[in-house]
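Engineer: Data: protein-v4.tsv, TSV, C-alpha atoms.
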chain	number	residue	atom	x	y	z
H	1	MET	CA	5.05	38.37	-31.47
H	2	ILE	CA	7.72	35.74	-31.15
H	3	VAL	CA	7.85	36.24	-27.37
H	4	ILE	CA	4.10	35.78	-27.08
H	5	ASN	CA	4.27	32.56	-29.10
H	6	ARG	CA	7.02	31.18	-26.88
H	7	ARG	CA	5.03	31.98	-23.78
H	8	LEU	CA	1.97	30.39	-25.29
H	9	LEU	CA	3.99	27.30	-26.20
H	10	ALA	CA	5.41	27.08	-22.67
H	11	GLY	CA	1.92	27.36	-21.23
H	12	ILE	CA	0.61	24.62	-23.50
H	13	LEU	CA	3.50	22.37	-22.49
H	14	ILE	CA	2.86	22.96	-18.77
H	15	VAL	CA	-0.85	22.23	-19.15
H	16	ALA	CA	-0.11	19.12	-21.21
H	17	ALA	CA	2.39	17.87	-18.66
H	18	THR	CA	-0.09	18.49	-15.83
H	19	LEU	CA	-2.86	16.64	-17.64
H	20	ALA	CA	-0.54	13.76	-18.43
H	21	GLY	CA	0.37	13.55	-14.74
H	22	CYS	CA	-3.30	13.50	-13.74
H	23	GLY	CA	-3.92	10.50	-15.91
H	24	LYS	CA	-1.37	8.40	-14.11
H	25	SER	CA	-2.25	6.39	-11.06
H	26	LYS	CA	-0.47	7.79	-8.03
H	27	THR	CA	-0.36	4.52	-6.20
H	28	ALA	CA	1.22	1.51	-7.76
H	29	PRO	CA	-0.88	-1.63	-7.56
H	30	GLN	CA	0.25	-3.67	-4.59
H	31	ALA	CA	0.88	-7.33	-4.79
H	32	GLY	CA	-0.23	-9.59	-1.98
H	33	VAL	CA	-2.72	-8.53	0.63
H	34	ARG	CA	-3.95	-5.10	1.74
H	35	VAL	CA	-6.43	-3.69	4.21
H	36	ALA	CA	-9.49	-2.44	2.34
H	37	ASP	CA	-11.75	-1.32	5.19
H	38	ILE	CA	-11.80	-0.83	8.96
H	39	ASP	CA	-15.02	-0.44	10.97
H	40	ILE	CA	-15.81	-0.32	14.68
H	41	GLY	CA	-18.99	-1.12	16.57
H	42	ARG	CA	-20.57	-3.03	19.43
H	43	SER	CA	-21.01	-6.41	17.76
H	44	VAL	CA	-20.05	-8.47	14.74
H	45	GLY	CA	-21.97	-10.96	12.70
H	46	SER	CA	-20.89	-14.45	11.74
H	47	ASP	CA	-19.18	-12.90	8.71
H	48	LYS	CA	-17.08	-10.80	11.12
H	49	THR	CA	-18.44	-7.53	9.78
H	50	ILE	CA	-19.73	-4.87	12.17
H	51	ALA	CA	-23.48	-5.12	12.67
H	52	ASP	CA	-23.93	-1.70	14.27
H	53	LYS	CA	-21.22	0.78	13.36
H	54	THR	CA	-20.57	3.51	15.89
H	55	ASP	CA	-17.74	5.56	17.31
H	56	SER	CA	-19.45	6.22	20.64
H	57	PHE	CA	-19.49	3.58	23.36
H	58	GLY	CA	-20.67	3.07	26.89
H	59	ALA	CA	-18.41	2.12	29.80
H	60	ALA	CA	-19.62	-1.49	29.78
H	61	ASP	CA	-19.47	-2.06	26.03
H	62	THR	CA	-17.32	-4.59	24.26
H	63	ILE	CA	-15.69	-2.75	21.40
H	64	TYR	CA	-15.19	-4.52	18.11
H	65	VAL	CA	-13.04	-3.56	15.15
H	66	SER	CA	-13.57	-5.35	11.86
H	67	VAL	CA	-10.80	-5.43	9.26
H	68	LYS	CA	-11.50	-6.31	5.65
H	69	THR	CA	-8.50	-7.58	3.73
H	70	VAL	CA	-8.25	-8.04	0.00
H	71	GLY	CA	-5.71	-10.22	-1.74
H	72	SER	CA	-3.97	-13.45	-1.08
H	73	ALA	CA	-0.83	-14.38	0.77
H	74	PRO	CA	0.48	-17.55	2.39
H	75	THR	CA	0.55	-15.69	5.68
H	76	ALA	CA	-0.23	-12.21	6.99
H	77	THR	CA	-0.25	-10.78	10.49
H	78	LEU	CA	-2.92	-8.33	11.56
H	79	THR	CA	-2.43	-6.37	14.76
H	80	ALA	CA	-4.94	-4.22	16.66
H	81	ARG	CA	-3.26	-1.64	18.89
H	82	TRP	CA	-5.74	0.04	21.24
H	83	SER	CA	-4.73	3.19	23.08
H	84	TYR	CA	-6.21	5.82	25.38
H	85	GLU	CA	-6.20	9.57	24.82
H	86	ASP	CA	-3.06	10.03	26.93
H	87	GLY	CA	-1.19	7.57	24.74
H	88	GLN	CA	-1.45	4.77	27.29
H	89	ARG	CA	-1.61	1.34	25.68
H	90	VAL	CA	-4.94	-0.32	26.40
H	91	ASP	CA	-4.33	-3.58	24.60
H	92	GLU	CA	-2.51	-5.05	21.64
H	93	SER	CA	-3.26	-8.37	20.02
H	94	SER	CA	-2.33	-10.02	16.75
H	95	GLN	CA	-3.63	-12.80	14.61
H	96	THR	CA	-1.87	-14.54	11.76
H	97	ILE	CA	-4.05	-15.50	8.85
H	98	ALA	CA	-3.71	-16.99	5.38
H	99	PRO	CA	-5.83	-14.52	3.43
H	100	SER	CA	-7.37	-15.51	0.12
H	101	ALA	CA	-9.38	-13.08	-2.02
H	102	THR	CA	-11.55	-11.17	0.48
H	103	ASP	CA	-11.53	-11.90	4.20
H	104	VAL	CA	-12.78	-10.16	7.30
H	105	SER	CA	-11.04	-10.38	10.65
H	106	GLU	CA	-12.24	-8.95	13.94
H	107	PHE	CA	-10.60	-7.89	17.18
H	108	HIS	CA	-12.47	-6.98	20.33
H	109	VAL	CA	-11.70	-5.60	23.76
H	110	ALA	CA	-13.73	-5.51	26.96
H	111	ASN	CA	-13.05	-3.95	30.32
H	112	PRO	CA	-14.89	-5.70	33.19
H	113	SER	CA	-14.21	-2.75	35.47
H	114	GLY	CA	-15.65	-0.32	32.91
H	115	TRP	CA	-14.00	1.91	30.33
H	116	PRO	CA	-12.84	5.27	31.66
H	117	SER	CA	-14.48	8.15	29.83
H	118	GLY	CA	-12.40	9.73	27.13
H	119	SER	CA	-11.08	9.38	23.62
H	120	TYR	CA	-9.53	6.20	22.35
H	121	GLN	CA	-8.13	4.90	19.11
H	122	VAL	CA	-7.39	1.57	17.54
H	123	GLU	CA	-4.63	1.27	15.01
H	124	ILE	CA	-4.58	-1.66	12.61
H	125	LEU	CA	-1.25	-2.92	11.40
H	126	LEU	CA	-0.69	-5.33	8.56
H	127	ASN	CA	2.61	-7.16	8.82
H	128	GLY	CA	3.84	-4.48	11.21
H	129	THR	CA	2.91	-1.56	8.99
H	130	SER	CA	0.09	0.77	9.93
H	131	ALA	CA	-2.93	0.22	7.69
H	132	GLY	CA	-5.33	2.66	9.32
H	133	THR	CA	-6.67	4.12	12.56
H	134	LYS	CA	-10.17	4.48	13.97
H	135	LYS	CA	-10.95	6.91	16.77
H	136	PHE	CA	-13.83	6.50	19.20
H	137	LYS	CA	-15.17	7.88	22.45
H	138	VAL	CA	-16.42	6.40	25.67
H	139	GLY	CA	-18.87	8.25	27.91
D	1	MET	CA	-4.68	29.84	44.25
D	2	GLY	CA	-7.78	28.48	42.59
D	3	ILE	CA	-6.01	28.19	39.28
D	4	LEU	CA	-3.04	26.50	40.92
D	5	ASP	CA	-5.36	24.09	42.70
D	6	ASP	CA	-6.97	23.23	39.38
D	7	LEU	CA	-3.55	22.67	37.81
D	8	PHE	CA	-2.45	20.37	40.61
D	9	LYS	CA	-5.73	18.51	40.47
D	10	LYS	CA	-5.21	17.89	36.74
D	11	LYS	CA	-1.64	16.81	37.34
D	12	ASP	CA	-2.65	14.45	40.10
D	13	LYS	CA	-5.40	12.84	38.05
D	14	PRO	CA	-4.67	9.11	38.31
D	15	LYS	CA	-3.92	7.27	35.13
D	16	PRO	CA	-6.69	4.88	34.20
D	17	ASP	CA	-5.87	1.26	34.77
D	18	PHE	CA	-6.35	-1.02	31.78
D	19	SER	CA	-4.76	-4.08	33.34
D	20	GLY	CA	-8.11	-5.86	33.48
D	21	VAL	CA	-8.84	-5.44	29.78
D	22	THR	CA	-9.58	-8.66	27.96
D	23	SER	CA	-9.30	-9.12	24.22
D	24	GLY	CA	-9.96	-11.63	21.50
D	25	HIS	CA	-10.04	-12.04	17.76
D	26	SER	CA	-11.29	-14.23	14.94
D	27	SER	CA	-11.28	-14.23	11.17
D	28	THR	CA	-13.01	-15.64	8.14
D	29	ALA	CA	-9.53	-16.37	6.77
D	30	SER	CA	-7.99	-19.70	7.48
D	31	ALA	CA	-4.97	-20.01	9.69
D	32	PRO	CA	-1.70	-20.48	7.86
D	33	ALA	CA	-0.01	-23.83	7.84
D	34	ALA	CA	2.25	-24.62	10.78
D	35	GLY	CA	5.32	-22.47	10.77
D	36	GLY	CA	3.60	-19.84	8.70
D	37	HIS	CA	4.39	-21.56	5.45
D	38	VAL	CA	2.16	-23.22	2.94
D	39	ALA	CA	2.56	-26.94	3.19
D	40	THR	CA	4.23	-28.47	0.17
D	41	PRO	CA	3.27	-31.98	-0.73
D	42	PRO	CA	6.00	-34.54	-0.14
D	43	PRO	CA	7.88	-35.58	-3.25
D	44	PRO	CA	6.64	-38.80	-4.80
D	45	ALA	CA	8.41	-41.84	-3.52
D	46	VAL	CA	11.08	-43.04	-5.87
D	47	THR	CA	10.80	-46.74	-6.53
D	48	ARG	CA	13.77	-48.50	-8.01
D	49	ARG	CA	13.31	-51.78	-9.68
D	50	THR	CA	16.10	-53.99	-10.86
D	51	TYR	CA	16.44	-56.31	-13.79
D	52	VAL	CA	19.06	-59.01	-14.28
D	53	VAL	CA	20.25	-59.22	-17.87
D	54	VAL	CA	19.89	-62.58	-19.58
D	55	GLU	CA	21.44	-63.84	-22.77
D	56	GLY	CA	19.94	-62.21	-25.88
D	57	ASP	CA	18.88	-59.03	-24.06
D	58	SER	CA	19.48	-55.57	-25.35
D	59	LEU	CA	18.58	-52.26	-23.79
D	60	SER	CA	15.81	-51.73	-26.33
D	61	LYS	CA	14.39	-55.19	-25.62
D	62	ILE	CA	14.41	-54.48	-21.88
D	63	ALA	CA	12.81	-51.08	-22.51
D	64	LYS	CA	10.12	-52.71	-24.63
D	65	ARG	CA	9.42	-55.23	-21.89
D	66	GLU	CA	9.51	-52.73	-19.01
D	67	TYR	CA	7.92	-49.68	-20.61
D	68	GLY	CA	6.22	-51.07	-23.66
D	69	ASP	CA	8.41	-48.76	-25.75
D	70	ALA	CA	11.79	-49.87	-27.12
D	71	ASN	CA	12.73	-46.24	-27.74
D	72	LYS	CA	13.02	-45.68	-24.00
D	73	TRP	CA	16.25	-47.69	-23.82
D	74	LEU	CA	18.14	-44.45	-23.23
D	75	LYS	CA	16.31	-44.01	-19.93
D	76	ILE	CA	17.68	-47.33	-18.72
D	77	TYR	CA	21.10	-46.53	-20.09
D	78	GLU	CA	21.18	-43.14	-18.30
D	79	ALA	CA	20.18	-44.78	-15.02
D	80	ASN	CA	22.97	-47.31	-15.33
D	81	ARG	CA	25.86	-45.31	-16.69
D	82	ASN	CA	28.05	-46.57	-13.88
D	83	ILE	CA	27.47	-50.16	-15.02
D	84	ILE	CA	27.06	-49.86	-18.77
D	85	LYS	CA	30.05	-48.46	-20.63
D	86	ASN	CA	28.68	-49.15	-24.08
D	87	PRO	CA	24.91	-49.27	-24.59
D	88	ASP	CA	25.38	-51.88	-27.31
D	89	LEU	CA	27.14	-54.21	-24.93
D	90	ILE	CA	25.36	-55.55	-21.91
D	91	TYR	CA	26.19	-58.86	-20.32
D	92	PRO	CA	24.17	-61.66	-18.74
D	93	GLY	CA	24.10	-61.31	-14.98
D	94	GLN	CA	24.35	-57.52	-14.97
D	95	GLU	CA	21.85	-56.03	-12.53
D	96	LEU	CA	20.28	-52.93	-14.05
D	97	HIS	CA	18.24	-50.29	-12.29
D	98	ILE	CA	14.92	-49.74	-14.04
D	99	PRO	CA	13.73	-46.18	-13.34
D	100	ASP	CA	10.04	-45.35	-13.28
D	101	ALA	CA	8.57	-44.60	-16.68
Go through the file and emit its structure as structure tokens.

Structural biologist:
Amino acid sequence: MIVINRRLLAGILIVAATLAGCGKSKTAPQAGVRVADIDIGRSVGSDKTIADKTDSFGAADTIYVSVKTVGSAPTATLTARWSYEDGQRVDESSQTIAPSATDVSEFHVANPSGWPSGSYQVEILLNGTSAGTKKFKVG
Amino acid sequence: MGILDDLFKKKDKPKPDFSGVTSGHSSTASAPAAGGHVATPPPPAVTRRTYVVVEGDSLSKIAKREYGDANKWLKIYEANRNIIKNPDLIYPGQELHIPDA
């Protein structure tokens, strides 16, 4: 009887500890600025958000990536690193901004000689740290 | 042979050329101040006035005249510690710095 009670007590403690752990936030709130959303498409509006989201493009398309940032900082550097399926670097460009509250930044690439068919990806970096990746196809 | 031909064909596939790719960017966020730092306003210009002590003056009298408050004599005294050894003793002809109120 004593053994059963100890086992029961141990079980209760494990369940309680698990529930307590679930209640805690797993990510600490970050100070400064963070990337909240990344979208890709064929065009952007005046607010820099993607007007027509898609992950499938034609060879002649200009490809846009829109990056929503939340938070404020005196300065922050956003980088868009575009690469082809074989790992070849297509393009990389950066812009330094002074984000305040919510901002949207866009990057775009075009290839006058036409995009080769295949899979591509664009990786967004915030201050040199990867903030997300979007994959897309051409052809 | 057919398989080998296929393998060689795949191996010989030319790498796509992205040298002609053009790119651009823009943002709703403003650009940071030059140098990547937020501009700090320049410190206010420090104006230093002088007052030449005349007979019958005291620091509190000068403070009353300059600041409208005799109790601010200490401010004048602190600004002129190199000239005034004793705040109760100032002499005609002494040139005192009058700091901003």

Engineer: Kindly determine which residues of chain H lie within 7 Å of chain D, considering only C-alpha atoms, and give the answer as an MDAnalysis selection string.

Structural biologist: chainID H and resid 47:48 74:75 90 96:99 103:112 116

Engineer: Please produce a file of those selected residues containing C-alpha atoms, as a compact mmCIF listing (two decimals), in the frame of the given file.

Structural biologist:
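Result file part26.txt:
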# COMPACT_ATOMS: atom_id res chain seq x y z
CA ASP H 47 -19.18 -12.90 8.71
CA LYS H 48 -17.08 -10.80 11.12
CA PRO H 74 0.48 -17.55 2.39
CA THR H 75 0.55 -15.69 5.68
CA VAL H 90 -4.94 -0.32 26.40
CA THR H 96 -1.87 -14.54 11.76
CA ILE H 97 -4.05 -15.50 8.85
CA ALA H 98 -3.71 -16.99 5.38
CA PRO H 99 -5.83 -14.52 3.43
CA ASP H 103 -11.53 -11.90 4.20
CA VAL H 104 -12.78 -10.16 7.30
CA SER H 105 -11.04 -10.38 10.65
CA GLU H 106 -12.24 -8.95 13.94
CA PHE H 107 -10.60 -7.89 17.18
CA HIS H 108 -12.47 -6.98 20.33
CA VAL H 109 -11.70 -5.60 23.76
CA ALA H 110 -13.73 -5.51 26.96
CA ASN H 111 -13.05 -3.95 30.32
CA PRO H 112 -14.89 -5.70 33.19
CA PRO H 116 -12.84 5.27 31.66

Engineer: For Ser58 of chain D, which of D:Ala79, D:Ile90, D:Ile84, D:Leu74 is the closest residue, counting all atoms listed in the file?

Structural biologist: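 Among the listed residues, D:Ile90 lies closest to Ser58 of chain D.
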
Engineer: Rounded to one decimal, what separation in Å do you get between atom CA of Leu96 of chain D and atom CA of Ile83 of chain D?

Structural biologist: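 Computed distance, atom CA of Leu96 of chain D to atom CA of Ile83 of chain D, equals 7.8 Å.
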
Engineer: If we count only C-alpha atoms, what is near Ile63 of chain H at a cut-off of 12 Å, once residues fewer than 6 positions away on the same chain are taken out, given as a PyMOL selection string?

Structural biologist: (chain H and resi 39-44+50-57+80+82+91+106-111+114-115+120-122+134-138) or (chain D and resi 21-25)

Engineer: Let me make sure I understand: among D:Lys64, D:Gly93, D:Ile98, D:Val52, which one has the smallest atom-to-atom distance to Tyr77 of chain D if we use only C-alpha atoms?

Structural biologist: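 Closest to Tyr77 of chain D, using only C-alpha atoms: D:Ile98.
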